[in-house]
Structures are given as structure tokens and as C-alpha cells.
file structure_4.tsv (TSV, C-alpha atoms and all ligand atoms)
chain	number	residue	atom	x	y	z
A	1	MET	CA	7.87	-19.26	7.43
A	2	SER	CA	6.87	-21.35	4.43
A	3	LEU	CA	6.25	-19.15	1.40
A	4	PRO	CA	4.58	-20.32	-1.81
A	5	SER	CA	6.73	-20.41	-4.96
A	6	PRO	CA	6.65	-19.28	-7.75
A	7	ILE	CA	4.93	-15.96	-6.95
A	8	ALA	CA	3.76	-13.49	-9.64
A	9	VAL	CA	4.13	-9.81	-8.65
A	10	THR	CA	2.53	-6.79	-10.35
A	11	GLY	CA	3.89	-3.28	-9.71
A	12	ALA	CA	7.20	-5.05	-9.15
A	13	THR	CA	9.25	-2.03	-10.25
A	14	GLY	CA	7.60	0.28	-7.68
A	15	MET	CA	8.80	1.15	-4.19
A	16	VAL	CA	6.95	-1.68	-2.44
A	17	GLY	CA	7.27	-4.17	-5.30
A	18	SER	CA	11.03	-3.90	-5.64
A	19	ALA	CA	11.56	-4.33	-1.88
A	20	LEU	CA	9.16	-7.28	-1.83
A	21	CYS	CA	10.79	-9.03	-4.82
A	22	ARG	CA	14.23	-8.63	-3.21
A	23	SER	CA	13.02	-10.16	0.05
A	24	LEU	CA	11.12	-13.01	-1.64
A	25	ARG	CA	14.22	-13.92	-3.67
A	26	ASP	CA	16.31	-13.80	-0.47
A	27	HIS	CA	13.86	-16.39	0.92
A	28	GLY	CA	14.49	-18.62	-2.11
A	29	VAL	CA	11.15	-17.85	-3.81
A	30	GLU	CA	10.96	-17.87	-7.62
A	31	VAL	CA	9.54	-14.45	-8.58
A	32	ARG	CA	7.76	-13.69	-11.86
A	33	ARG	CA	7.36	-9.93	-12.33
A	34	LEU	CA	4.41	-8.74	-14.40
A	35	VAL	CA	5.66	-5.91	-16.61
A	36	ARG	CA	3.88	-3.60	-19.06
A	37	SER	CA	6.47	-3.83	-21.85
A	38	ARG	CA	7.24	-7.03	-23.76
A	39	PRO	CA	9.99	-8.90	-21.88
A	40	ALA	CA	13.15	-9.94	-23.69
A	41	PRO	CA	13.24	-13.60	-24.81
A	42	GLY	CA	14.44	-15.84	-21.96
A	43	SER	CA	13.40	-13.35	-19.28
A	44	SER	CA	11.33	-14.64	-16.34
A	45	ASP	CA	9.17	-11.49	-16.58
A	46	VAL	CA	5.54	-11.86	-17.70
A	47	TYR	CA	3.84	-9.41	-20.07
A	48	TRP	CA	0.58	-7.73	-19.12
A	49	LYS	CA	-1.07	-4.48	-20.13
A	50	PRO	CA	-4.09	-3.74	-17.95
A	51	SER	CA	-5.19	-0.73	-20.05
A	52	ALA	CA	-5.48	-3.02	-23.11
A	53	GLY	CA	-6.86	-6.05	-21.21
A	54	GLU	CA	-3.79	-8.11	-22.20
A	55	ILE	CA	-2.01	-10.68	-20.02
A	56	ASP	CA	0.25	-13.60	-20.95
A	57	ARG	CA	-1.67	-16.34	-19.13
A	58	ASP	CA	0.63	-19.12	-20.36
A	59	ALA	CA	3.58	-17.48	-18.61
A	60	LEU	CA	1.66	-17.62	-15.31
A	61	ALA	CA	1.31	-21.42	-15.44
A	62	GLY	CA	2.46	-23.12	-12.25
A	63	ILE	CA	2.42	-20.07	-9.95
A	64	GLU	CA	1.35	-20.77	-6.38
A	65	ALA	CA	0.54	-17.16	-5.45
A	66	ALA	CA	0.23	-13.62	-6.76
A	67	VAL	CA	0.86	-10.23	-5.16
A	68	HIS	CA	-0.89	-7.33	-6.89
A	69	LEU	CA	0.61	-3.88	-6.23
A	70	ALA	CA	0.25	-2.06	-9.58
A	71	GLY	CA	-1.58	1.23	-9.87
A	72	GLU	CA	-1.13	4.81	-11.03
A	73	SER	CA	0.60	6.83	-8.30
A	74	ILE	CA	-1.92	8.48	-5.96
A	75	ALA	CA	0.38	11.02	-4.30
A	76	ALA	CA	2.43	12.22	-7.29
A	77	GLY	CA	0.95	15.24	-9.10
A	78	ARG	CA	-2.33	17.13	-8.87
A	79	TRP	CA	-5.61	15.26	-9.08
A	80	THR	CA	-6.89	16.48	-12.44
A	81	ALA	CA	-9.94	14.70	-13.87
A	82	ALA	CA	-7.63	12.68	-16.14
A	83	LYS	CA	-5.32	11.73	-13.26
A	84	LYS	CA	-8.30	10.59	-11.13
A	85	GLU	CA	-9.55	8.49	-14.04
A	86	ARG	CA	-6.10	6.82	-14.30
A	87	ILE	CA	-5.95	6.23	-10.51
A	88	VAL	CA	-9.27	4.37	-10.65
A	89	SER	CA	-8.98	2.58	-14.00
A	90	SER	CA	-5.42	1.32	-13.42
A	91	ARG	CA	-6.63	-0.36	-10.21
A	92	VAL	CA	-10.08	-1.56	-11.29
A	93	ASP	CA	-9.01	-2.83	-14.75
A	94	GLY	CA	-5.72	-4.30	-13.48
A	95	THR	CA	-7.31	-6.14	-10.54
A	96	ARG	CA	-10.11	-7.54	-12.70
A	97	LEU	CA	-7.69	-8.68	-15.42
A	98	LEU	CA	-5.35	-10.38	-12.96
A	99	SER	CA	-8.16	-11.97	-10.89
A	100	GLN	CA	-9.82	-13.40	-14.00
A	101	ALA	CA	-6.48	-14.75	-15.29
A	102	LEU	CA	-5.71	-16.40	-11.91
A	103	ALA	CA	-9.22	-17.89	-11.76
A	104	ALA	CA	-8.71	-19.47	-15.20
A	105	LEU	CA	-5.37	-21.14	-14.40
A	106	ASP	CA	-5.27	-24.90	-13.97
A	107	PRO	CA	-4.00	-25.73	-11.43
A	108	LYS	CA	-5.02	-22.51	-9.68
A	109	PRO	CA	-2.69	-20.59	-7.39
A	110	ARG	CA	-3.57	-20.79	-3.70
A	111	VAL	CA	-3.55	-17.13	-2.75
A	112	LEU	CA	-3.85	-13.58	-4.09
A	113	VAL	CA	-2.57	-10.75	-1.89
A	114	SER	CA	-3.86	-7.51	-3.39
A	115	ALA	CA	-3.01	-3.96	-2.36
A	116	SER	CA	-5.64	-1.57	-1.11
A	117	ALA	CA	-5.21	1.49	1.09
A	118	ILE	CA	-6.39	2.96	4.39
A	119	GLY	CA	-8.09	5.55	2.18
A	120	PHE	CA	-10.90	2.94	2.38
A	121	TYR	CA	-11.85	4.42	5.76
A	122	GLY	CA	-12.03	8.06	4.60
A	123	ASP	CA	-11.83	10.88	7.19
A	124	ARG	CA	-12.74	9.39	10.62
A	125	GLY	CA	-11.68	12.16	12.99
A	126	GLN	CA	-10.47	10.91	16.38
A	127	HIS	CA	-12.33	7.55	16.31
A	128	PRO	CA	-10.16	4.45	15.76
A	129	VAL	CA	-11.19	2.07	12.95
A	130	ASP	CA	-10.30	-1.54	12.16
A	131	GLU	CA	-11.20	-4.10	9.53
A	132	ASN	CA	-14.76	-4.38	10.89
A	133	SER	CA	-15.45	-0.67	10.33
A	134	PRO	CA	-17.56	0.36	7.34
A	135	PRO	CA	-15.94	2.30	4.49
A	136	GLY	CA	-15.74	6.09	4.56
A	137	ALA	CA	-16.75	8.63	1.92
A	138	GLY	CA	-14.84	10.47	-0.78
A	139	PHE	CA	-12.79	9.71	-3.89
A	140	LEU	CA	-10.15	7.53	-2.19
A	141	ALA	CA	-12.72	5.49	-0.27
A	142	GLU	CA	-14.75	4.89	-3.44
A	143	THR	CA	-11.57	3.94	-5.30
A	144	CYS	CA	-10.59	1.42	-2.61
A	145	ILE	CA	-14.07	-0.11	-2.52
A	146	ALA	CA	-14.05	-0.60	-6.31
A	147	TRP	CA	-10.43	-1.86	-6.27
A	148	GLU	CA	-11.11	-4.49	-3.58
A	149	ALA	CA	-14.34	-5.60	-5.27
A	150	GLU	CA	-12.47	-6.57	-8.44
A	151	THR	CA	-10.73	-9.45	-6.61
A	152	ARG	CA	-14.10	-11.23	-6.71
A	153	PRO	CA	-13.31	-13.57	-9.67
A	154	ALA	CA	-10.31	-14.90	-7.74
A	155	TRP	CA	-12.20	-15.70	-4.51
A	156	GLU	CA	-15.17	-17.07	-6.43
A	157	ALA	CA	-12.70	-19.47	-8.06
A	158	GLY	CA	-11.57	-20.64	-4.60
A	159	LEU	CA	-8.35	-18.66	-4.11
A	160	ARG	CA	-7.61	-17.29	-0.66
A	161	VAL	CA	-7.79	-13.52	-1.21
A	162	VAL	CA	-6.25	-10.91	1.10
A	163	GLN	CA	-6.72	-7.16	0.62
A	164	THR	CA	-3.95	-5.31	2.43
A	165	ARG	CA	-5.20	-1.83	3.37
A	166	ILE	CA	-1.83	-0.12	3.37
A	167	GLY	CA	-1.02	2.93	5.52
A	168	VAL	CA	1.52	5.67	4.71
A	169	VAL	CA	4.67	3.73	3.82
A	170	LEU	CA	7.82	5.11	5.50
A	171	SER	CA	11.05	4.63	3.57
A	172	ASP	CA	14.02	6.79	2.67
A	173	GLN	CA	13.71	5.29	-0.85
A	174	GLY	CA	10.53	7.13	-1.86
A	175	GLY	CA	6.94	7.89	-0.91
A	176	ALA	CA	5.78	10.43	1.69
A	177	LEU	CA	8.78	10.38	4.06
A	178	ALA	CA	11.37	10.87	1.31
A	179	LYS	CA	9.40	13.97	0.18
A	180	MET	CA	9.38	15.35	3.75
A	181	LEU	CA	13.06	14.85	4.49
A	182	THR	CA	14.46	17.83	2.56
A	183	PRO	CA	12.16	20.53	4.04
A	184	PHE	CA	12.48	19.03	7.53
A	185	LYS	CA	16.29	18.92	7.27
A	186	LEU	CA	16.20	22.61	6.29
A	187	GLY	CA	14.14	23.39	9.40
A	188	LEU	CA	11.06	24.06	7.21
A	189	GLY	CA	9.01	21.10	8.45
A	190	GLY	CA	5.77	21.88	10.22
A	191	VAL	CA	2.33	20.74	11.28
A	192	LEU	CA	-0.25	20.39	8.47
A	193	GLY	CA	-3.53	22.19	9.22
A	194	ASP	CA	-4.37	21.90	12.94
A	195	GLY	CA	-2.21	18.76	13.20
A	196	ARG	CA	-4.97	16.78	14.97
A	197	GLN	CA	-5.51	14.40	12.02
A	198	TYR	CA	-4.31	10.84	12.64
A	199	MET	CA	-1.71	9.36	10.38
A	200	SER	CA	-1.48	5.56	10.20
A	201	TRP	CA	1.96	4.55	9.01
A	202	VAL	CA	4.00	1.41	8.29
A	203	THR	CA	7.69	1.07	7.47
A	204	LEU	CA	8.61	-0.44	4.10
A	205	ASP	CA	10.35	-3.42	5.74
A	206	GLU	CA	7.30	-4.00	7.91
A	207	LEU	CA	4.99	-3.92	4.90
A	208	VAL	CA	7.14	-6.54	3.15
A	209	GLY	CA	6.89	-8.65	6.33
A	210	VAL	CA	3.10	-8.18	6.42
A	211	ILE	CA	2.70	-9.27	2.78
A	212	GLU	CA	4.87	-12.34	3.45
A	213	HIS	CA	2.76	-13.11	6.56
A	214	CYS	CA	-0.37	-12.95	4.38
A	215	LEU	CA	1.22	-15.20	1.74
A	216	ALA	CA	2.41	-17.81	4.23
A	217	ASN	CA	-0.57	-18.13	6.59
A	218	ASP	CA	-3.69	-19.96	5.40
A	219	GLY	CA	-5.72	-18.42	8.23
A	220	VAL	CA	-5.35	-14.90	6.82
A	221	HIS	CA	-8.04	-13.81	4.39
A	222	GLY	CA	-10.14	-10.75	3.54
A	223	ALA	CA	-9.19	-7.22	4.60
A	224	VAL	CA	-5.98	-6.78	6.62
A	225	ASN	CA	-4.85	-3.34	7.79
A	226	ALA	CA	-1.14	-3.01	6.96
A	227	VAL	CA	-0.28	-0.38	9.57
A	228	ALA	CA	1.81	-0.22	12.73
A	229	PRO	CA	-0.09	-0.35	16.03
A	230	GLY	CA	1.20	3.13	16.91
A	231	ALA	CA	-0.80	5.55	14.74
A	232	VAL	CA	0.00	9.16	15.66
A	233	THR	CA	-1.49	12.60	14.99
A	234	ASN	CA	0.18	14.77	12.38
A	235	ARG	CA	1.42	16.99	15.25
A	236	GLU	CA	3.09	14.02	16.98
A	237	PHE	CA	4.56	12.82	13.67
A	238	THR	CA	5.98	16.28	12.92
A	239	LYS	CA	7.52	16.68	16.38
A	240	THR	CA	8.98	13.14	16.30
A	241	LEU	CA	10.51	13.57	12.84
A	242	GLY	CA	11.99	16.94	13.90
A	243	ARG	CA	13.49	15.33	17.03
A	244	VAL	CA	14.98	12.43	15.04
A	245	LEU	CA	16.56	14.88	12.57
A	246	GLY	CA	17.57	17.35	15.30
A	247	ARG	CA	15.72	20.17	13.50
A	248	PRO	CA	13.08	22.67	14.67
A	249	THR	CA	9.46	22.24	13.55
A	250	VAL	CA	7.92	25.55	14.56
A	251	LEU	CA	6.19	26.30	11.26
A	252	ALA	CA	2.60	25.34	10.46
A	253	VAL	CA	1.09	24.98	7.00
A	254	PRO	CA	-2.49	26.33	7.05
A	255	LYS	CA	-5.26	24.34	5.39
A	256	PHE	CA	-5.90	26.95	2.68
A	257	ALA	CA	-2.23	26.87	1.62
A	258	LEU	CA	-2.27	23.07	1.45
A	259	ARG	CA	-5.45	23.15	-0.62
A	260	ALA	CA	-3.95	25.76	-2.96
A	261	ALA	CA	-0.79	23.67	-3.41
A	262	ALA	CA	-2.27	20.16	-3.59
A	263	GLY	CA	-5.97	20.55	-4.54
A	264	ASP	CA	-8.28	17.65	-3.54
A	265	LEU	CA	-5.29	15.57	-2.46
A	266	ALA	CA	-4.90	17.94	0.53
A	267	ASP	CA	-8.32	17.13	2.01
A	268	GLU	CA	-8.33	13.43	1.16
A	269	ALA	CA	-4.76	12.49	2.01
A	270	LEU	CA	-2.95	15.18	4.03
A	271	LEU	CA	-5.77	16.54	6.22
A	272	ALA	CA	-7.98	13.42	6.46
A	273	SER	CA	-7.73	11.61	9.78
A	274	ALA	CA	-7.61	7.80	10.03
A	275	CYS	CA	-6.52	6.14	13.26
A	276	VAL	CA	-6.32	2.61	11.87
A	277	ARG	CA	-5.77	-0.43	14.10
A	278	PRO	CA	-4.01	-3.59	12.76
A	279	THR	CA	-6.51	-5.91	14.45
A	280	ARG	CA	-6.30	-8.79	11.93
A	281	LEU	CA	-2.50	-8.83	12.02
A	282	GLN	CA	-2.56	-8.98	15.82
A	283	GLU	CA	-5.22	-11.73	15.80
A	284	THR	CA	-3.19	-13.84	13.35
A	285	GLY	CA	0.03	-13.66	15.38
A	286	TYR	CA	2.03	-11.18	13.30
A	287	GLU	CA	5.05	-9.87	15.22
A	288	PHE	CA	5.76	-6.21	14.46
A	289	ARG	CA	9.34	-5.14	13.71
A	290	ASP	CA	8.63	-1.40	13.82
A	291	PRO	CA	5.67	-0.82	16.16
A	292	GLU	CA	6.73	2.59	17.49
A	293	LEU	CA	7.34	5.73	15.43
A	294	GLU	CA	10.51	7.22	16.90
A	295	LEU	CA	12.47	3.95	16.79
A	296	ALA	CA	11.07	3.26	13.31
A	297	LEU	CA	12.28	6.65	12.01
A	298	LEU	CA	15.69	6.18	13.62
A	299	ARG	CA	16.00	2.87	11.76
A	300	VAL	CA	14.59	4.06	8.42
A	301	ILE	CA	16.43	7.38	8.06
A	302	PRO	CA	20.12	6.81	7.26
B	401	LIG	N1	3.43	3.97	-0.87
B	401	LIG	C1	2.40	4.19	-0.03
B	401	LIG	O1	2.50	4.99	0.95
B	401	LIG	C2	1.10	3.44	-0.23
B	401	LIG	C3	0.06	3.64	0.69
B	401	LIG	C4	-1.15	2.98	0.51
B	401	LIG	C5	-1.31	2.12	-0.58
B	401	LIG	N2	-0.29	1.95	-1.46
B	401	LIG	C6	-0.53	1.08	-2.64
B	401	LIG	O2	0.45	0.06	-2.70
B	401	LIG	C7	0.77	-0.22	-4.07
B	401	LIG	C8	2.29	-0.11	-4.26
B	401	LIG	O3	2.70	1.18	-3.84
B	401	LIG	P1	4.11	1.80	-4.28
B	401	LIG	O4	4.39	2.91	-3.34
B	401	LIG	O5	5.11	0.73	-4.50
B	401	LIG	O6	3.70	2.43	-5.70
B	401	LIG	P2	4.67	2.91	-6.88
B	401	LIG	O7	6.08	3.04	-6.42
B	401	LIG	O8	4.00	4.11	-7.48
B	401	LIG	O9	4.62	1.68	-7.89
B	401	LIG	C9	3.41	1.25	-8.46
B	401	LIG	C10	3.72	0.42	-9.70
B	401	LIG	O10	2.49	0.26	-10.41
B	401	LIG	C11	2.74	0.25	-11.80
B	401	LIG	N3	1.93	1.31	-12.42
B	401	LIG	C12	2.13	2.67	-12.35
B	401	LIG	N4	1.19	3.32	-13.07
B	401	LIG	C13	0.39	2.34	-13.59
B	401	LIG	C14	-0.75	2.37	-14.44
B	401	LIG	N5	-1.26	3.53	-14.90
B	401	LIG	N6	-1.31	1.19	-14.80
B	401	LIG	C15	-0.80	0.01	-14.34
B	401	LIG	N7	0.28	-0.07	-13.56
B	401	LIG	C16	0.86	1.08	-13.19
B	401	LIG	C17	4.22	0.50	-12.01
B	401	LIG	O11	4.84	-0.75	-12.22
B	401	LIG	P3	5.24	-1.28	-13.69
B	401	LIG	O12	5.73	-0.10	-14.44
B	401	LIG	O13	6.27	-2.31	-13.39
B	401	LIG	O14	3.99	-1.87	-14.26
B	401	LIG	C18	4.68	1.07	-10.68
B	401	LIG	O15	6.01	0.73	-10.43
B	401	LIG	C19	-0.01	0.79	-4.91
B	401	LIG	O16	-1.17	0.17	-5.41
B	401	LIG	C20	-0.37	1.88	-3.92
B	401	LIG	O17	-1.58	2.55	-4.23
B	401	LIG	C21	0.91	2.58	-1.31
call {"tool": "encode", "arguments": {"input": "structure_4.tsv", "output": "C-alpha cells"}}
result
Amino acid sequence: MSLPSPIAVTGATGMVGSALCRSLRDHGVEVRRLVRSRPAPGSSDVYWKPSAGEIDRDALAGIEAAVHLAGESIAAGRWTAAKKERIVSSRVDGTRLLSQALAALDPKPRVLVSASAIGFYGDRGQHPVDENSPPGAGFLAETCIAWEAETRPAWEAGLRVVQTRIGVVLSDQGGALAKMLTPFKLGLGGVLGDGRQYMSWVTLDELVGVIEHCLANDGVHGAVNAVAPGAVTNREFTKTLGRVLGRPTVLAVPKFALRAAAGDLADEALLASACVRPTRLQETGYEFRDPELELALLRVIP
């Protein structure tokens, strides 16, 4: 695999960003992290502040690619009006600022790989969706549509632009799985709602591999679903995680209790169903490391 270098990475301190930067450096890539506080003199980090429209363009000179992962956490905390505003503005303003800065560089980088999410598809019941499917409805779908649209200045300037619609990232380092591990280990894990909603997942290592595939292959552009081929229902996920941990999963969390505990997040993220197929990855020859849930969990959980 021939990766571009140097690569600028936003959201580099996050769960995905830190794993990606580690892997890129292991491949010999020069990484420039975009950070929101002024870097110390001599640091390879690059200052940007999306909320203030500030970015150190000079420090981006010479980059061959950018990976854009930054955004206010979607799953942490209740969706108050202020939190929703931060979820949207951090993505829309940050993507626009970065895309415009990349478009203005001379020479221009070749590729921008920008995060999006399977929230793009909304709640699709039992029907599988892929990159050719239209967007769904709701706050997350509208956020993803606006987020992806802000890459426009980069593709208008001739960069190859990839929007990775990321599924639920499985890692013991953070995110959804790390939150589930304690209750499940205590035997308190259970099906959410009726458990029929599909959950499209991807392991953290796989996601890093997918982003590197998108960086390295000129034939990859536009929307790419970053999910494993083996999406499962919440019931199957619950039973599989219980089996891997050797714990019972007899409880069920009713919808009303989820809504009381998590507000709008319950309907849009925990109860929404999206059986997402990784069609573009399969068409472009990506080889999955973790295609099947039980083996993936056995590998991910220490
Ligand atoms: N984890 C998942 O299951 C999942 C699923 C679908 C999509 N995604 C998307 O993938 C991307 C990376 O996910 P992740 O799990 O690594 O997220 P994360 O751990 O929450 O990290 C996101 C990073 O974004 C930056 N950030 C946080 N709040 C911000 C704000 N208000 N304005 C600008 N930047 C802000 C921070 O980096 P700095 O402090 O260094 O700037 C943070 O480390 C995100 O855009 C996320 O929405 C993740």
C-alpha cells in the first residue's frame, strides 16, 4: 500500500484519530495533527480553531492528504439544544474551514478523507441500504448531509474527496462497546427495545484500515460505508456479546426507559435501525480483517 505523506489529521486526539495517527506513523507517514490550542514552538502540530474560523494555512504547506475526524461527541451526554448546536456547528464549520484551506494550497493535496456517519441513512427498519440509497430523516441524517456537503470546496478545487460513513466503532478503548462492557460483565446487559433494530458496526482497527484504503487508492471517491459486512440486530449483538463475556443477557431495556435516560439520542442512535452494506469497499477490493461479529469481539475485548 502506497500512502501519501505528509498527511494532516483533525480530531487526532480522539479515539479514531489517535489510532489512525499511530498506524500512519508505523507506515512511515509524516503526520501533522491539527490541534485547537497553539502548539509549542518546534512542534509538528498545526493550529486551527474551527469555532473562530482560524487555521494556520502556512503550516499545511506540502501536505499530500488530509483526514478530517473532528467533531463534538455525538454519544456523550444528553442532546440539549446547545449540545445539538455544537454537534452540527463543529462539523459544518470545521469541514468548511478545512476544505477551503486545502483548496487554497499550492500545490494542492491529492485527497481529503472526511468522516461522516451511518446516521446519514436514518431509521430504515429491516431494509438494507448502501451508498446508492437516499438519506434518511431526523437530526443525525440532516447533520450528516450538511457535514458531507461542506467538503464541496475541496472537490471543486480538484481534490479526490471521500466521505466515510462510519458505523458503530468497536474498541475497548472507548465509544459504545467500552460503555457496554461494565454492565454486561455484571450480567446486566440486555436487549434495547424490541431488539429488532439493525446495528452496523466496525472495529477500530478495521476503520483505520478503511481510511488507509481510501487514502491509498485513487479509484475510491465519494461516499464509502465504513462498516463490516456482517451487520446484526441489537438482539444478535446482545446475545453475541454475552456469549463472548460468558455472562447472561436475560434483561431487556424497554423503549420508554431508554427515552427517559437518553432523550432524543435513544430514538436516533439506540433504537434506530440501519442495516448498512459496505458495497463501495467490496467493489474497490478492500479485504476485511474483522468481517464477523463474534470473532471481532473476541479479538477486541482483552
Ligand atoms: N466512534 C464512533 O462510533 C463513530 C461512529 C460514527 C462516526 N464517527 C465520527 O468519527 C469521527 C471520530 O470519532 P471519534 O470516536 O474518534 O471521536 P472522539 O473520540 O469524540 O474525538 C473527536 C475529536 O474531535 C475534536 N473535537 C471534539 N469536540 C470538538 C468541537 N466542539 N469542535 C471541534 N473539534 C472537536 C477533538 O479533537 P481535538 O481536541 O484534538 O481537536 C476530539 O478528540 C467523529 O467525527 C465522529 O462523529 C464516530
call {"tool": "closest_atom_pairs", "arguments": {"input": "structure_4.tsv", "of": "region 200-246 of chain A", "to": "region 115-126 of chain A", "cutoff": "10 Å", "atoms": "all atoms listed in the file", "output": "Markdown table"}}
result
| residue | atom | partner | partner_atom | distance |
| --- | --- | --- | --- | --- |
| A:Ser200 | CA | A:Ile118 | CA | 8.0 |
| A:Trp201 | CA | A:Ile118 | CA | 9.7 |
| A:Ile211 | CA | A:Ala115 | CA | 9.3 |
| A:Ala223 | CA | A:Ser116 | CA | 8.8 |
| A:Val224 | CA | A:Ser116 | CA | 9.3 |
| A:Asn225 | CA | A:Ile118 | CA | 7.3 |
| A:Ala226 | CA | A:Ile118 | CA | 8.4 |
| A:Val227 | CA | A:Ile118 | CA | 8.7 |
| A:Thr233 | CA | A:Gln126 | CA | 9.2 |
call {"tool": "residues_near_ligand", "arguments": {"input": "structure_4.tsv", "ligand": "ligand LIG 401 (chain B)", "cutoff": "8 Å", "atoms": "all atoms listed in the file", "output": "ChimeraX atom specification"}}
result
/A:10-18,33-36,49-51,68-74,86-87,89-91,94,115-119,165-170,174-176
call {"tool": "axis_aligned_box", "arguments": {"input": "structure_4.tsv", "around": "region 160-175 of chain A", "padding_each_side": "3 Å", "output": "lines of an AutoDock Vina configuration file"}}
result
center_x = 3.1
center_y = -4.7
center_z = 1.8
size_x = 27.8
size_y = 31.2
size_z = 13.4
call {"tool": "atom_distance", "arguments": {"input": "structure_4.tsv", "atom1": "CA of Ala65 (chain A)", "atom2": "CA of Gln173 (chain A)"}}
result
26.4 Å
call {"tool": "closest_residue", "arguments": {"input": "structure_4.tsv", "among": "A:Cys144, A:Val9, A:Lys84, A:Leu251", "to": "Arg22 (chain A)", "atoms": "all atoms listed in the file"}}
result
A:Val9
call {"tool": "residues_around", "arguments": {"input": "structure_4.tsv", "residues": "Asp58 (chain A)", "least_positions_apart": "6", "cutoff": "10 Å", "atoms": "all atoms listed in the file", "output": "VMD selection string"}}
result
chain A and resid 46 101 105
call {"tool": "atom_distance", "arguments": {"input": "structure_4.tsv", "atom1": "CA of Val162 (chain A)", "atom2": "CA of Val210 (chain A)"}}
result
11.1 Å
call {"tool": "closest_residue", "arguments": {"input": "structure_4.tsv", "among": "A:Val253, A:Ala82, A:Leu245, A:Cys275", "to": "Leu181 (chain A)", "atoms": "all atoms listed in the file"}}
result
A:Leu245
call {"tool": "closest_residue", "arguments": {"input": "structure_4.tsv", "among": "A:Leu258, A:Leu270, A:Leu140, A:Ile63", "to": "Val88 (chain A)", "atoms": "all atoms listed in the file"}}
result
A:Leu140
call {"tool": "closest_atom_pairs", "arguments": {"input": "structure_4.tsv", "of": "region 63-144 of chain A", "to": "region 278-287 of chain A", "cutoff": "12 Å", "atoms": "all atoms listed in the file", "output": "tab-separated table"}}
result
residue	atom	partner	partner_atom	distance
A:Ile118	CA	A:Pro278	CA	10.9
A:Pro128	CA	A:Pro278	CA	10.6
A:Val129	CA	A:Pro278	CA	9.1
A:Asp130	CA	A:Thr279	CA	6.2
A:Glu131	CA	A:Thr279	CA	7.0
A:Asn132	CA	A:Thr279	CA	9.1
A:Ser133	CA	A:Thr279	CA	11.2
call {"tool": "write_last_selection", "arguments": {"input": "structure_4.tsv", "atoms": "C-alpha atoms", "output": "compact mmCIF listing (two decimals), in the frame of the given file"}}
result
# COMPACT_ATOMS: atom_id res chain seq x y z
CA ILE A 118 -6.39 2.96 4.39
CA PRO A 128 -10.16 4.45 15.76
CA VAL A 129 -11.19 2.07 12.95
CA ASP A 130 -10.30 -1.54 12.16
CA GLU A 131 -11.20 -4.10 9.53
CA ASN A 132 -14.76 -4.38 10.89
CA SER A 133 -15.45 -0.67 10.33
call {"tool": "closest_residue", "arguments": {"input": "structure_4.tsv", "among": "A:Val202, A:Leu207, A:Leu112, A:Ala61", "to": "Ala19 (chain A)", "atoms": "all atoms listed in the file"}}
result
A:Leu207
call {"tool": "closest_residue", "arguments": {"input": "structure_4.tsv", "among": "A:Glu292, A:Asp267, A:Asp93, A:Glu30", "to": "Ala66 (chain A)", "atoms": "only C-alpha atoms"}}
result
A:Glu30
call {"tool": "atom_distance", "arguments": {"input": "structure_4.tsv", "atom1": "CA of Gly242 (chain A)", "atom2": "CA of Gly77 (chain A)"}}
result
25.6 Å
call {"tool": "closest_residue", "arguments": {"input": "structure_4.tsv", "among": "A:Ala75, A:Ile7, A:Ala231, A:Leu177", "to": "Leu20 (chain A)", "atoms": "only C-alpha atoms"}}
result
A:Ile7
call {"tool": "residues_around", "arguments": {"input": "structure_4.tsv", "residues": "Val161 (chain A)", "least_positions_apart": "6", "cutoff": "9 Å", "atoms": "all atoms listed in the file", "output": "list in words"}}
result
Arg110, Val111, Leu112, Val113, Ser114, Thr151, Arg152, Ala154, Trp155, Val220, His221, Gly222 and Ala223 of chain A
call {"tool": "write_last_selection", "arguments": {"input": "structure_4.tsv", "atoms": "C-alpha atoms", "output": "short mmCIF file (atom, residue, chain, number, x, y, z; two decimals), in the coordinates of the input"}}
result
data_model
loop_
_atom_site.label_atom_id
_atom_site.label_comp_id
_atom_site.auth_asym_id
_atom_site.auth_seq_id
_atom_site.Cartn_x
_atom_site.Cartn_y
_atom_site.Cartn_z
CA ARG A 110 -3.57 -20.79 -3.70
CA VAL A 111 -3.55 -17.13 -2.75
CA LEU A 112 -3.85 -13.58 -4.09
CA VAL A 113 -2.57 -10.75 -1.89
CA SER A 114 -3.86 -7.51 -3.39
CA THR A 151 -10.73 -9.45 -6.61
CA ARG A 152 -14.10 -11.23 -6.71
CA ALA A 154 -10.31 -14.90 -7.74
CA TRP A 155 -12.20 -15.70 -4.51
CA VAL A 220 -5.35 -14.90 6.82
CA HIS A 221 -8.04 -13.81 4.39
CA GLY A 222 -10.14 -10.75 3.54
CA ALA A 223 -9.19 -7.22 4.60
#
call {"tool": "build_atoms", "arguments": {"input": "structure_4.tsv", "residues": "region 23-34 of chain A", "atoms": "N, CA and C atoms", "output": "CSV table (one decimal), in the frame of the given file"}}
result
chain,number,residue,atom,x,y,z
A,23,SER,N,13.2,-9.3,-1.1
A,23,SER,CA,13.0,-10.2,0.0
A,23,SER,C,12.6,-11.6,-0.3
A,24,LEU,N,11.6,-11.7,-1.2
A,24,LEU,CA,11.1,-13.0,-1.6
A,24,LEU,C,12.3,-13.8,-2.2
A,25,ARG,N,13.1,-13.2,-3.1
A,25,ARG,CA,14.2,-13.9,-3.7
A,25,ARG,C,15.2,-14.3,-2.6
A,26,ASP,N,15.4,-13.4,-1.6
A,26,ASP,CA,16.3,-13.8,-0.5
A,26,ASP,C,15.8,-15.0,0.3
A,27,HIS,N,14.5,-15.2,0.3
A,27,HIS,CA,13.9,-16.4,0.9
A,27,HIS,C,13.8,-17.6,0.0
A,28,GLY,N,14.4,-17.5,-1.2
A,28,GLY,CA,14.5,-18.6,-2.1
A,28,GLY,C,13.3,-18.8,-3.0
A,29,VAL,N,12.4,-17.8,-3.0
A,29,VAL,CA,11.2,-17.8,-3.8
A,29,VAL,C,11.5,-17.5,-5.3
A,30,GLU,N,10.9,-18.2,-6.2
A,30,GLU,CA,11.0,-17.9,-7.6
A,30,GLU,C,9.9,-16.8,-7.9
A,31,VAL,N,10.4,-15.6,-8.4
A,31,VAL,CA,9.5,-14.4,-8.6
A,31,VAL,C,9.3,-14.2,-10.1
A,32,ARG,N,8.1,-14.1,-10.5
A,32,ARG,CA,7.8,-13.7,-11.9
A,32,ARG,C,7.1,-12.3,-11.8
A,33,ARG,N,7.9,-11.3,-12.3
A,33,ARG,CA,7.4,-9.9,-12.3
A,33,ARG,C,6.4,-9.7,-13.5
A,34,LEU,N,5.3,-9.1,-13.3
A,34,LEU,CA,4.4,-8.7,-14.4
A,34,LEU,C,4.8,-7.3,-14.8
